[in-house]
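Student: What follows is a single structure, and I will ask about it in a moment.
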Amino acid sequence: MVKIITGNKGSGKTKILIDMINAASQNTDGYVVCIDKSDKLRYDIGHSVRIVDTDVNCIYSFEAFFGLVAGLLAGNYDIKDIFVDSILKIGGADYEALGALLAKIDKLTGNDVNVVFTVSADKADLPESVTKYAVK
């Protein structure tokens, strides 16, 4: 299941994401993964959360990002939650391509894995292919 948290820069998306990560890490019966463009969240989230730095792993596009997620899930069936901070910094500001990525991730994960993204954009500026995943 895919969800996105939208808002302009400085609107508190990352703080919400950190709270969600910490809650998931305390309540899960599986693994929690945090994917970010750096490891800046390392000291804000629980030690049991696995952090993946996309810069270290040379992930610079939505296609490479999808491959990363598919590989993580193929290698570990116990992942229950994936949290992604600043997806537009990872893949670029192509909103249509983001919508296509979200659809592919949603199909890949189904109801087995919760995937939450932060998107640094106003919800009104995003296409329906993206906003249909927005947290209400």
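Ligands are numbered from 1 in the order shown, residues from 1 within each chain, and chains are lettered A, B, ... in the order they appear in the structure tokens.
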List the neighbours of Ala70 of chain A out to 12 Å using only C-alpha atoms; skip same-chain residues closer than 2 positions along the sequence, and give me the result as an MDAnalysis selection string.
Tutor: chainID A and resid 63:68 72:77 79 82 101 104:109 113
Student: Any chance you could list, as a PDB file with N, CA, C and O atoms, in the first residue's frame, the residues in chain A that come up strand (DSSP E) when DSSP is run on the backbone?
Tutor:
```pdb
ATOM      1  N   VAL A   2       0.661   2.145  -0.913  1.00  0.00           N
ATOM      2  CA  VAL A   2       1.464   3.353  -1.071  1.00  0.00           C
ATOM      3  C   VAL A   2       0.695   4.553  -0.534  1.00  0.00           C
ATOM      4  O   VAL A   2      -0.495   4.704  -0.779  1.00  0.00           O
ATOM      5  N   LYS A   3       1.427   5.412   0.193  1.00  0.00           N
ATOM      6  CA  LYS A   3       0.873   6.672   0.679  1.00  0.00           C
ATOM      7  C   LYS A   3       1.927   7.749   0.479  1.00  0.00           C
ATOM      8  O   LYS A   3       3.126   7.466   0.518  1.00  0.00           O
ATOM      9  N   ILE A   4       1.465   8.983   0.253  1.00  0.00           N
ATOM     10  CA  ILE A   4       2.408  10.102   0.156  1.00  0.00           C
ATOM     11  C   ILE A   4       1.992  11.195   1.123  1.00  0.00           C
ATOM     12  O   ILE A   4       0.808  11.380   1.410  1.00  0.00           O
ATOM     13  N   ILE A   5       2.995  11.898   1.619  1.00  0.00           N
ATOM     14  CA  ILE A   5       2.790  13.088   2.441  1.00  0.00           C
ATOM     15  C   ILE A   5       3.288  14.252   1.606  1.00  0.00           C
ATOM     16  O   ILE A   5       4.462  14.276   1.222  1.00  0.00           O
ATOM     17  N   THR A   6       2.399  15.184   1.292  1.00  0.00           N
ATOM     18  CA  THR A   6       2.776  16.309   0.434  1.00  0.00           C
ATOM     19  C   THR A   6       2.877  17.596   1.239  1.00  0.00           C
ATOM     20  O   THR A   6       2.328  17.714   2.326  1.00  0.00           O
ATOM     21  N   GLY A   7       3.564  18.551   0.660  1.00  0.00           N
ATOM     22  CA  GLY A   7       3.684  19.875   1.254  1.00  0.00           C
ATOM     23  C   GLY A   7       4.947  20.536   0.758  1.00  0.00           C
ATOM     24  O   GLY A   7       5.897  19.868   0.342  1.00  0.00           O
ATOM     25  N   TYR A  31      10.404  -6.032   9.455  1.00  0.00           N
ATOM     26  CA  TYR A  31      11.459  -5.031   9.381  1.00  0.00           C
ATOM     27  C   TYR A  31      10.922  -3.714   8.836  1.00  0.00           C
ATOM     28  O   TYR A  31      10.002  -3.691   8.019  1.00  0.00           O
ATOM     29  N   VAL A  32      11.558  -2.616   9.277  1.00  0.00           N
ATOM     30  CA  VAL A  32      11.241  -1.278   8.802  1.00  0.00           C
ATOM     31  C   VAL A  32      12.483  -0.742   8.098  1.00  0.00           C
ATOM     32  O   VAL A  32      13.595  -0.825   8.632  1.00  0.00           O
ATOM     33  N   VAL A  33      12.287  -0.188   6.891  1.00  0.00           N
ATOM     34  CA  VAL A  33      13.381   0.353   6.096  1.00  0.00           C
ATOM     35  C   VAL A  33      13.113   1.827   5.837  1.00  0.00           C
ATOM     36  O   VAL A  33      11.994   2.212   5.509  1.00  0.00           O
ATOM     37  N   CYS A  34      14.137   2.648   5.983  1.00  0.00           N
ATOM     38  CA  CYS A  34      14.052   4.070   5.663  1.00  0.00           C
ATOM     39  C   CYS A  34      15.018   4.342   4.513  1.00  0.00           C
ATOM     40  O   CYS A  34      16.215   4.061   4.610  1.00  0.00           O
ATOM     41  N   ILE A  35      14.482   4.886   3.414  1.00  0.00           N
ATOM     42  CA  ILE A  35      15.303   5.214   2.249  1.00  0.00           C
ATOM     43  C   ILE A  35      15.383   6.734   2.144  1.00  0.00           C
ATOM     44  O   ILE A  35      14.354   7.414   2.148  1.00  0.00           O
ATOM     45  N   ASP A  36      16.596   7.251   2.055  1.00  0.00           N
ATOM     46  CA  ASP A  36      16.800   8.699   2.012  1.00  0.00           C
ATOM     47  C   ASP A  36      18.000   8.994   1.121  1.00  0.00           C
ATOM     48  O   ASP A  36      18.809   8.119   0.830  1.00  0.00           O
ATOM     49  N   ARG A  50      16.363  -0.059   9.355  1.00  0.00           N
ATOM     50  CA  ARG A  50      17.448  -0.170   8.380  1.00  0.00           C
ATOM     51  C   ARG A  50      17.427   1.048   7.464  1.00  0.00           C
ATOM     52  O   ARG A  50      16.409   1.341   6.842  1.00  0.00           O
ATOM     53  N   ILE A  51      18.543   1.725   7.380  1.00  0.00           N
ATOM     54  CA  ILE A  51      18.646   2.951   6.578  1.00  0.00           C
ATOM     55  C   ILE A  51      19.379   2.641   5.272  1.00  0.00           C
ATOM     56  O   ILE A  51      20.435   2.007   5.280  1.00  0.00           O
ATOM     57  N   VAL A  52      18.799   3.110   4.162  1.00  0.00           N
ATOM     58  CA  VAL A  52      19.423   2.946   2.851  1.00  0.00           C
ATOM     59  C   VAL A  52      19.661   4.342   2.299  1.00  0.00           C
ATOM     60  O   VAL A  52      18.729   5.126   2.127  1.00  0.00           O
ATOM     61  N   ASP A  53      20.908   4.664   2.036  1.00  0.00           N
ATOM     62  CA  ASP A  53      21.316   5.953   1.490  1.00  0.00           C
ATOM     63  C   ASP A  53      21.412   5.815  -0.027  1.00  0.00           C
ATOM     64  O   ASP A  53      22.246   5.079  -0.541  1.00  0.00           O
ATOM     65  N   ILE A  79      10.135  -7.522   5.307  1.00  0.00           N
ATOM     66  CA  ILE A  79       9.972  -6.068   5.319  1.00  0.00           C
ATOM     67  C   ILE A  79       8.485  -5.755   5.313  1.00  0.00           C
ATOM     68  O   ILE A  79       7.748  -6.203   4.438  1.00  0.00           O
ATOM     69  N   LYS A  80       8.054  -4.986   6.302  1.00  0.00           N
ATOM     70  CA  LYS A  80       6.637  -4.630   6.432  1.00  0.00           C
ATOM     71  C   LYS A  80       6.377  -3.158   6.130  1.00  0.00           C
ATOM     72  O   LYS A  80       5.277  -2.790   5.736  1.00  0.00           O
ATOM     73  N   ASP A  81       7.396  -2.303   6.342  1.00  0.00           N
ATOM     74  CA  ASP A  81       7.228  -0.866   6.133  1.00  0.00           C
ATOM     75  C   ASP A  81       8.467  -0.294   5.470  1.00  0.00           C
ATOM     76  O   ASP A  81       9.595  -0.604   5.870  1.00  0.00           O
ATOM     77  N   ILE A  82       8.240   0.553   4.463  1.00  0.00           N
ATOM     78  CA  ILE A  82       9.317   1.290   3.812  1.00  0.00           C
ATOM     79  C   ILE A  82       8.925   2.762   3.840  1.00  0.00           C
ATOM     80  O   ILE A  82       7.821   3.125   3.436  1.00  0.00           O
ATOM     81  N   PHE A  83       9.833   3.596   4.304  1.00  0.00           N
ATOM     82  CA  PHE A  83       9.606   5.032   4.365  1.00  0.00           C
ATOM     83  C   PHE A  83      10.659   5.721   3.512  1.00  0.00           C
ATOM     84  O   PHE A  83      11.846   5.401   3.609  1.00  0.00           O
ATOM     85  N   VAL A  84      10.213   6.649   2.665  1.00  0.00           N
ATOM     86  CA  VAL A  84      11.108   7.315   1.719  1.00  0.00           C
ATOM     87  C   VAL A  84      10.989   8.821   1.911  1.00  0.00           C
ATOM     88  O   VAL A  84       9.904   9.389   1.749  1.00  0.00           O
ATOM     89  N   ASN A 114       3.677  -1.568   3.604  1.00  0.00           N
ATOM     90  CA  ASN A 114       3.292  -0.154   3.611  1.00  0.00           C
ATOM     91  C   ASN A 114       4.482   0.670   3.143  1.00  0.00           C
ATOM     92  O   ASN A 114       5.578   0.514   3.675  1.00  0.00           O
ATOM     93  N   VAL A 115       4.253   1.530   2.152  1.00  0.00           N
ATOM     94  CA  VAL A 115       5.312   2.390   1.632  1.00  0.00           C
ATOM     95  C   VAL A 115       4.816   3.833   1.733  1.00  0.00           C
ATOM     96  O   VAL A 115       3.767   4.171   1.191  1.00  0.00           O
ATOM     97  N   VAL A 116       5.589   4.669   2.432  1.00  0.00           N
ATOM     98  CA  VAL A 116       5.213   6.070   2.635  1.00  0.00           C
ATOM     99  C   VAL A 116       6.316   6.951   2.074  1.00  0.00           C
ATOM    100  O   VAL A 116       7.491   6.779   2.395  1.00  0.00           O
ATOM    101  N   PHE A 117       5.927   7.902   1.217  1.00  0.00           N
ATOM    102  CA  PHE A 117       6.851   8.848   0.595  1.00  0.00           C
ATOM    103  C   PHE A 117       6.561  10.256   1.090  1.00  0.00           C
ATOM    104  O   PHE A 117       5.396  10.587   1.345  1.00  0.00           O
ATOM    105  N   THR A 118       7.591  11.096   1.158  1.00  0.00           N
ATOM    106  CA  THR A 118       7.353  12.538   1.273  1.00  0.00           C
ATOM    107  C   THR A 118       7.619  13.145  -0.095  1.00  0.00           C
ATOM    108  O   THR A 118       8.565  12.762  -0.785  1.00  0.00           O
ATOM    109  N   VAL A 119       6.739  14.072  -0.487  1.00  0.00           N
ATOM    110  CA  VAL A 119       6.844  14.751  -1.774  1.00  0.00           C
ATOM    111  C   VAL A 119       6.829  16.249  -1.502  1.00  0.00           C
ATOM    112  O   VAL A 119       5.835  16.782  -1.010  1.00  0.00           O
ATOM    113  N   SER A 120       7.918  16.923  -1.815  1.00  0.00           N
ATOM    114  CA  SER A 120       8.033  18.361  -1.577  1.00  0.00           C
ATOM    115  C   SER A 120       7.392  19.140  -2.712  1.00  0.00           C
ATOM    116  O   SER A 120       8.069  19.671  -3.593  1.00  0.00           O
TER     117      SER A 120
END
```
Student: Would you mind reading off the distance between atom CA of Phe62 of chain A and atom CA of Thr28 of chain A, one decimal, in Å?
Tutor: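 About the pair atom CA of Phe62 of chain A and atom CA of Thr28 of chain A: they are 27.3 Å apart.
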Student: Give me the residues within 9 Å of Lys89 of chain A as a PDB file with N, CA and C atoms, in the first residue's frame, counting only C-alpha atoms and dropping any in the same chain fewer than 4 places off.
Tutor:
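Everything below was put into around-v4.pdb:
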```pdb
ATOM      1  N   LYS A  37      18.107  10.243   0.712  1.00  0.00           N
ATOM      2  CA  LYS A  37      19.215  10.669  -0.135  1.00  0.00           C
ATOM      3  C   LYS A  37      20.509  10.803   0.667  1.00  0.00           C
ATOM      4  N   TYR A  60      19.767   7.399  -8.771  1.00  0.00           N
ATOM      5  CA  TYR A  60      19.530   8.773  -9.215  1.00  0.00           C
ATOM      6  C   TYR A  60      18.338   8.916 -10.153  1.00  0.00           C
ATOM      7  N   ASP A  85      12.096   9.460   2.256  1.00  0.00           N
ATOM      8  CA  ASP A  85      12.095  10.910   2.423  1.00  0.00           C
ATOM      9  C   ASP A  85      12.602  11.568   1.148  1.00  0.00           C
ATOM     10  N   ALA A  93      12.019  15.972 -10.592  1.00  0.00           N
ATOM     11  CA  ALA A  93      10.727  16.635 -10.413  1.00  0.00           C
ATOM     12  C   ALA A  93       9.742  16.363 -11.547  1.00  0.00           C
ATOM     13  N   SER A 120       7.918  16.923  -1.815  1.00  0.00           N
ATOM     14  CA  SER A 120       8.033  18.361  -1.577  1.00  0.00           C
ATOM     15  C   SER A 120       7.392  19.140  -2.712  1.00  0.00           C
TER      16      SER A 120
END
```
Student: If you count only C-alpha atoms, which residues fall within 12 Å of segment 122-126 of chain A, apart from same-chain ones fewer than 5 positions away, as a list in words?
Tutor: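 Contacts, in chain order: Ile4, Ile5, Thr6, Gly7, Asn8, Lys9, Gly10, Ser11, Lys13, Ala93, Asp94, Tyr95, Glu96, Ala97, Leu98, Gly99, Thr131, Lys132, Tyr133, Ala134, Val135 and Lys136 of chain A.
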Student: Compile the contact shell of segment 21-26 of chain A as a list in words: residues with an atom at most 7 Å away, counting only C-alpha atoms, same-chain residues fewer than 4 positions apart removed.
Tutor: Leu17, Val32, Ile45, Gly46, Ser48, Val49 and Phe83 of chain A
Student: Would you mind writing down, as a PyMOL selection string, each residue of segment 8-103 of chain A that DSSP on the backbone assigns to helix (DSSP H, G or I)?
Tutor: chain A and resi 13-27+62-75+87-91+95-103
Student: Can you write just those residues out, C-alpha atoms, as a short mmCIF file (atom, residue, chain, number, x, y, z; two decimals), in the first residue's frame?
Tutor:
```cif
data_model
loop_
_atom_site.label_atom_id
_atom_site.label_comp_id
_atom_site.auth_asym_id
_atom_site.auth_seq_id
_atom_site.Cartn_x
_atom_site.Cartn_y
_atom_site.Cartn_z
CA LYS A 13 6.74 16.40 6.24
CA THR A 14 9.97 14.89 7.53
CA LYS A 15 8.89 15.28 11.16
CA ILE A 16 5.65 13.44 10.38
CA LEU A 17 7.68 10.76 8.58
CA ILE A 18 10.06 10.36 11.55
CA ASP A 19 7.10 9.90 13.90
CA MET A 20 5.61 7.30 11.53
CA ILE A 21 8.95 5.46 11.27
CA ASN A 22 9.41 5.31 15.04
CA ALA A 23 5.82 4.15 15.59
CA ALA A 24 6.19 1.45 12.93
CA SER A 25 9.50 0.23 14.39
CA GLN A 26 7.86 -0.25 17.79
CA ASN A 27 4.73 -1.98 16.49
CA PHE A 62 12.86 6.59 -10.57
CA GLU A 63 13.75 3.43 -12.52
CA ALA A 64 16.83 2.80 -10.37
CA PHE A 65 14.73 3.51 -7.28
CA PHE A 66 12.14 0.92 -8.33
CA GLY A 67 14.94 -1.61 -8.84
CA LEU A 68 16.24 -0.85 -5.34
CA VAL A 69 12.83 -1.43 -3.75
CA ALA A 70 12.17 -4.58 -5.78
CA GLY A 71 15.58 -5.92 -4.77
CA LEU A 72 15.02 -5.14 -1.11
CA LEU A 73 11.69 -6.94 -1.14
CA ALA A 74 13.03 -9.90 -3.12
CA GLY A 75 15.88 -10.30 -0.66
CA ILE A 87 11.54 11.18 -3.41
CA LEU A 88 11.80 14.13 -5.81
CA LYS A 89 15.43 14.68 -4.74
CA ILE A 90 16.11 11.06 -5.63
CA GLY A 91 14.31 10.78 -8.97
CA TYR A 95 5.45 14.43 -11.63
CA GLU A 96 4.12 12.12 -14.34
CA ALA A 97 7.10 9.81 -13.90
CA LEU A 98 6.51 9.94 -10.13
CA GLY A 99 2.90 8.86 -10.69
CA ALA A 100 4.11 5.93 -12.80
CA LEU A 101 6.62 4.96 -10.09
CA LEU A 102 3.97 5.06 -7.37
CA ALA A 103 1.68 2.82 -9.45
#
```
Student: Just to confirm, what's the straight-line distance from atom CA of Asp112 of chain A to atom CA of Met1 of chain A in Å (one decimal)?
Tutor: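 Result for atom CA of Asp112 of chain A versus atom CA of Met1 of chain A: 7.3 Å, one decimal.
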